[in-house]
Amino acid sequence: MSDQVLFQEIAAVASRARFRANQVLFVEGMPANALYVVFSGQVKVYRTAAGGKEQIIHLLGENDLVAVVPFFDRGPYPANAEVTEDAELGCLAWNDMERLVEERPSLSLLVAKHFAGRLRAAQTQIATLGLHNALARVAQLLMTLGEQFGRSDKDGIAIHLDMTRRDLGACVGLSRETTTRVLTDLKNSGAIDMRHRNLVLRDMESLKTWAQM
């Protein structure tokens with residue numbers, strides 16, 4: 001059974017709703033009562049430090065699940081979630097999700113595998129923050145976004161993001177100014193192109209090299 005089957009099963013019973021950019025799904029510490037699946041658009045999951053600085057933990061797109069952790073432990077939402085571009089989401093209450101898993105036990109394993117992939121990505125992000133310089137962090141981020149959200153383009157891999165430079169920096173622990181400088185350097189090198197809110201990855205080999213610095 002593939003991930004696609006998992007999302008098809010959830011889609012069949014989830015309540016669908018459209019969300020506008022900047023709408024908040026939930027905030028850290030709120031009692032959790034539902035699992036979300038992204039049918040279209042994008043959701044950022046983040047935490048906020050005492051000084052108000054954001055750290056983006058995940059950027060989630062089509063066929064991603066939101067709020068997997070509280071589904072397993074029934075604790076509160078461990079982070080904030082906000083829609084970053086117009087999106088269509090499915091919402092599944094715990095009781096409905098439990099009933100679905102009881103009817104199709106193999107779905108529980110697929111949810112666990114999805115969660116494991118998310119955990120692996122988070123571990124990679126932590127390693128990047130701790131071990132790499134600004135250029136390597138941004139290069140690694142762009143490669144990850146390309147894999148997750150990229151579409152083939154005549155010039156490379158195009159990524160459409162309704163995100164500010166500050167948001168991108170919040171993914172890798174950098175300021176808006178540093179992120180802007182690194183993106184400009186990458187553009188000047190020919191590795192990427194920037195077209196308003198579209199980024200085009202033109203030279204993946206160079207990005208891979210810089211990501212390992």
# chains A, B, ... in the order shown; residues from 1 in each chain; ligands from 1

call {"tool": "select_by_dssp", "arguments": {"residues": "segment 28-105 of chain A", "states": "alpha helix (DSSP H)", "output": "PyMOL selection string"}}
result
chain A and resi 68-73+94-103

call {"tool": "write_last_selection", "arguments": {"atoms": "N, CA and C atoms", "output": "PDB file, in the first residue's frame"}}
result
ATOM      1  N   VAL A  68       0.742  15.263  13.133  1.00  0.00           N
ATOM      2  CA  VAL A  68       0.901  13.817  13.292  1.00  0.00           C
ATOM      3  C   VAL A  68       1.261  13.454  14.728  1.00  0.00           C
ATOM      4  N   VAL A  69       2.129  14.265  15.352  1.00  0.00           N
ATOM      5  CA  VAL A  69       2.597  13.950  16.712  1.00  0.00           C
ATOM      6  C   VAL A  69       1.441  13.819  17.699  1.00  0.00           C
ATOM      7  N   PRO A  70       0.540  14.799  17.815  1.00  0.00           N
ATOM      8  CA  PRO A  70      -0.548  14.642  18.789  1.00  0.00           C
ATOM      9  C   PRO A  70      -1.522  13.520  18.441  1.00  0.00           C
ATOM     10  N   PHE A  71      -1.553  13.092  17.177  1.00  0.00           N
ATOM     11  CA  PHE A  71      -2.401  11.939  16.852  1.00  0.00           C
ATOM     12  C   PHE A  71      -1.904  10.708  17.604  1.00  0.00           C
ATOM     13  N   PHE A  72      -0.592  10.588  17.753  1.00  0.00           N
ATOM     14  CA  PHE A  72      -0.024   9.421  18.433  1.00  0.00           C
ATOM     15  C   PHE A  72      -0.045   9.571  19.958  1.00  0.00           C
ATOM     16  N   ASP A  73       0.258  10.771  20.473  1.00  0.00           N
ATOM     17  CA  ASP A  73       0.380  10.881  21.935  1.00  0.00           C
ATOM     18  C   ASP A  73      -0.779  11.613  22.613  1.00  0.00           C
ATOM     19  N   TRP A  94     -10.023  13.108  15.643  1.00  0.00           N
ATOM     20  CA  TRP A  94      -9.372  11.900  16.163  1.00  0.00           C
ATOM     21  C   TRP A  94     -10.287  10.684  16.063  1.00  0.00           C
ATOM     22  N   ASN A  95     -11.550  10.826  16.451  1.00  0.00           N
ATOM     23  CA  ASN A  95     -12.464   9.680  16.437  1.00  0.00           C
ATOM     24  C   ASN A  95     -12.619   9.104  15.034  1.00  0.00           C
ATOM     25  N   ASP A  96     -12.703   9.995  14.040  1.00  0.00           N
ATOM     26  CA  ASP A  96     -12.852   9.536  12.662  1.00  0.00           C
ATOM     27  C   ASP A  96     -11.575   8.859  12.183  1.00  0.00           C
ATOM     28  N   MET A  97     -10.410   9.413  12.567  1.00  0.00           N
ATOM     29  CA  MET A  97      -9.144   8.809  12.164  1.00  0.00           C
ATOM     30  C   MET A  97      -8.966   7.442  12.816  1.00  0.00           C
ATOM     31  N   GLU A  98      -9.339   7.331  14.084  1.00  0.00           N
ATOM     32  CA  GLU A  98      -9.223   6.050  14.780  1.00  0.00           C
ATOM     33  C   GLU A  98     -10.128   5.006  14.132  1.00  0.00           C
ATOM     34  N   ARG A  99     -11.328   5.423  13.740  1.00  0.00           N
ATOM     35  CA  ARG A  99     -12.254   4.498  13.092  1.00  0.00           C
ATOM     36  C   ARG A  99     -11.678   4.029  11.751  1.00  0.00           C
ATOM     37  N   LEU A 100     -11.053   4.948  11.023  1.00  0.00           N
ATOM     38  CA  LEU A 100     -10.455   4.601   9.736  1.00  0.00           C
ATOM     39  C   LEU A 100      -9.320   3.595   9.907  1.00  0.00           C
ATOM     40  N   VAL A 101      -8.494   3.810  10.932  1.00  0.00           N
ATOM     41  CA  VAL A 101      -7.370   2.904  11.189  1.00  0.00           C
ATOM     42  C   VAL A 101      -7.872   1.533  11.644  1.00  0.00           C
ATOM     43  N   GLU A 102      -8.941   1.506  12.426  1.00  0.00           N
ATOM     44  CA  GLU A 102      -9.510   0.227  12.859  1.00  0.00           C
ATOM     45  C   GLU A 102     -10.021  -0.573  11.667  1.00  0.00           C
ATOM     46  N   GLU A 103     -10.610   0.135  10.692  1.00  0.00           N
ATOM     47  CA  GLU A 103     -11.136  -0.543   9.511  1.00  0.00           C
ATOM     48  C   GLU A 103     -10.012  -0.994   8.577  1.00  0.00           C
TER      49      GLU A 103
END

call {"tool": "closest_atom_pairs", "arguments": {"of": "segment 44-70 of chain A", "to": "segment 4-10 of chain A", "cutoff": "10 Å", "atoms": "only C-alpha atoms", "output": "CSV"}}
result
residue,atom,partner,partner_atom,distance
A:Glu62,CA,A:Phe7,CA,9.9
A:Asn63,CA,A:Phe7,CA,6.5
A:Asp64,CA,A:Phe7,CA,8.5
A:Leu65,CA,A:Phe7,CA,8.8

call {"tool": "write_last_selection", "arguments": {"atoms": "all heavy atoms", "output": "compact mmCIF listing (two decimals), in the first residue's frame"}}
result
# COMPACT_ATOMS: atom_id res chain seq x y z
N GLU A 62 1.41 19.58 -0.81
CA GLU A 62 0.42 18.59 -1.25
C GLU A 62 0.75 17.20 -0.73
O GLU A 62 1.88 16.72 -0.81
CB GLU A 62 0.37 18.58 -2.78
CG GLU A 62 -0.69 17.67 -3.36
CD GLU A 62 -0.72 17.72 -4.87
OE1 GLU A 62 0.03 18.53 -5.45
OE2 GLU A 62 -1.49 16.94 -5.47
N ASN A 63 -0.29 16.56 -0.16
CA ASN A 63 -0.19 15.19 0.37
C ASN A 63 0.67 15.07 1.62
O ASN A 63 1.13 13.98 1.95
CB ASN A 63 0.31 14.20 -0.70
CG ASN A 63 -0.75 13.89 -1.74
OD1 ASN A 63 -1.93 14.19 -1.54
ND2 ASN A 63 -0.34 13.31 -2.84
N ASP A 64 0.87 16.17 2.32
CA ASP A 64 1.53 16.12 3.62
C ASP A 64 0.48 16.11 4.72
O ASP A 64 -0.61 16.71 4.59
CB ASP A 64 2.45 17.32 3.83
CG ASP A 64 3.85 17.08 3.30
OD1 ASP A 64 4.35 15.94 3.44
OD2 ASP A 64 4.46 18.01 2.76
N LEU A 65 0.80 15.46 5.83
CA LEU A 65 -0.06 15.45 7.01
C LEU A 65 0.43 16.49 8.01
O LEU A 65 1.63 16.67 8.19
CB LEU A 65 -0.06 14.06 7.67
CG LEU A 65 -0.54 12.89 6.82
CD1 LEU A 65 -0.46 11.59 7.62
CD2 LEU A 65 -1.96 13.12 6.34

call {"tool": "residues_around", "arguments": {"residues": "Gly29 of chain A", "least_positions_apart": "4", "cutoff": "9 Å", "atoms": "only C-alpha atoms", "output": "ChimeraX atom specification"}}
result
/A:75-80

call {"tool": "write_last_selection", "arguments": {"atoms": "all heavy atoms", "output": "mmCIF file, in the first residue's frame"}}
result
data_model
loop_
_atom_site.group_PDB
_atom_site.id
_atom_site.type_symbol
_atom_site.label_atom_id
_atom_site.label_comp_id
_atom_site.auth_asym_id
_atom_site.auth_seq_id
_atom_site.Cartn_x
_atom_site.Cartn_y
_atom_site.Cartn_z
ATOM 1 N N GLY A 75 -1.297 14.567 23.053
ATOM 2 C CA GLY A 75 -0.900 15.777 23.756
ATOM 3 C C GLY A 75 -1.341 17.014 22.987
ATOM 4 O O GLY A 75 -1.991 16.925 21.938
ATOM 5 N N PRO A 76 -0.995 18.195 23.479
ATOM 6 C CA PRO A 76 -1.355 19.433 22.783
ATOM 7 C C PRO A 76 -0.534 19.596 21.511
ATOM 8 O O PRO A 76 0.442 18.864 21.289
ATOM 9 C CB PRO A 76 -1.012 20.518 23.806
ATOM 10 C CG PRO A 76 0.075 19.909 24.627
ATOM 11 C CD PRO A 76 -0.243 18.450 24.718
ATOM 12 N N TYR A 77 -0.925 20.550 20.679
ATOM 13 C CA TYR A 77 -0.135 20.836 19.481
ATOM 14 C C TYR A 77 1.255 21.302 19.916
ATOM 15 O O TYR A 77 1.375 22.221 20.731
ATOM 16 C CB TYR A 77 -0.805 21.910 18.637
ATOM 17 C CG TYR A 77 -2.084 21.453 17.972
ATOM 18 C CD1 TYR A 77 -3.309 22.029 18.298
ATOM 19 C CD2 TYR A 77 -2.072 20.446 17.015
ATOM 20 C CE1 TYR A 77 -4.476 21.618 17.689
ATOM 21 C CE2 TYR A 77 -3.247 20.020 16.398
ATOM 22 C CZ TYR A 77 -4.441 20.606 16.735
ATOM 23 O OH TYR A 77 -5.600 20.191 16.131
ATOM 24 N N PRO A 78 2.331 20.693 19.396
ATOM 25 C CA PRO A 78 3.683 21.026 19.847
ATOM 26 C C PRO A 78 4.278 22.257 19.171
ATOM 27 O O PRO A 78 5.384 22.668 19.507
ATOM 28 C CB PRO A 78 4.479 19.769 19.476
ATOM 29 C CG PRO A 78 3.777 19.242 18.273
ATOM 30 C CD PRO A 78 2.318 19.543 18.471
ATOM 31 N N ALA A 79 3.567 22.832 18.201
ATOM 32 C CA ALA A 79 4.086 23.992 17.477
ATOM 33 C C ALA A 79 2.904 24.752 16.878
ATOM 34 O O ALA A 79 1.738 24.357 17.043
ATOM 35 C CB ALA A 79 5.055 23.554 16.379
ATOM 36 N N ASN A 80 3.202 25.852 16.208
ATOM 37 C CA ASN A 80 2.183 26.637 15.519
ATOM 38 C C ASN A 80 2.102 26.185 14.063
ATOM 39 O O ASN A 80 3.105 25.741 13.480
ATOM 40 C CB ASN A 80 2.538 28.122 15.545
ATOM 41 C CG ASN A 80 2.909 28.610 16.932
ATOM 42 O OD1 ASN A 80 2.076 28.696 17.819
ATOM 43 N ND2 ASN A 80 4.188 28.899 17.132
#

call {"tool": "closest_residue", "arguments": {"among": "A:Thr178, A:Ser106, A:Asn198, A:Thr124", "to": "Phe149 of chain A", "atoms": "only C-alpha atoms"}}
result
A:Asn198
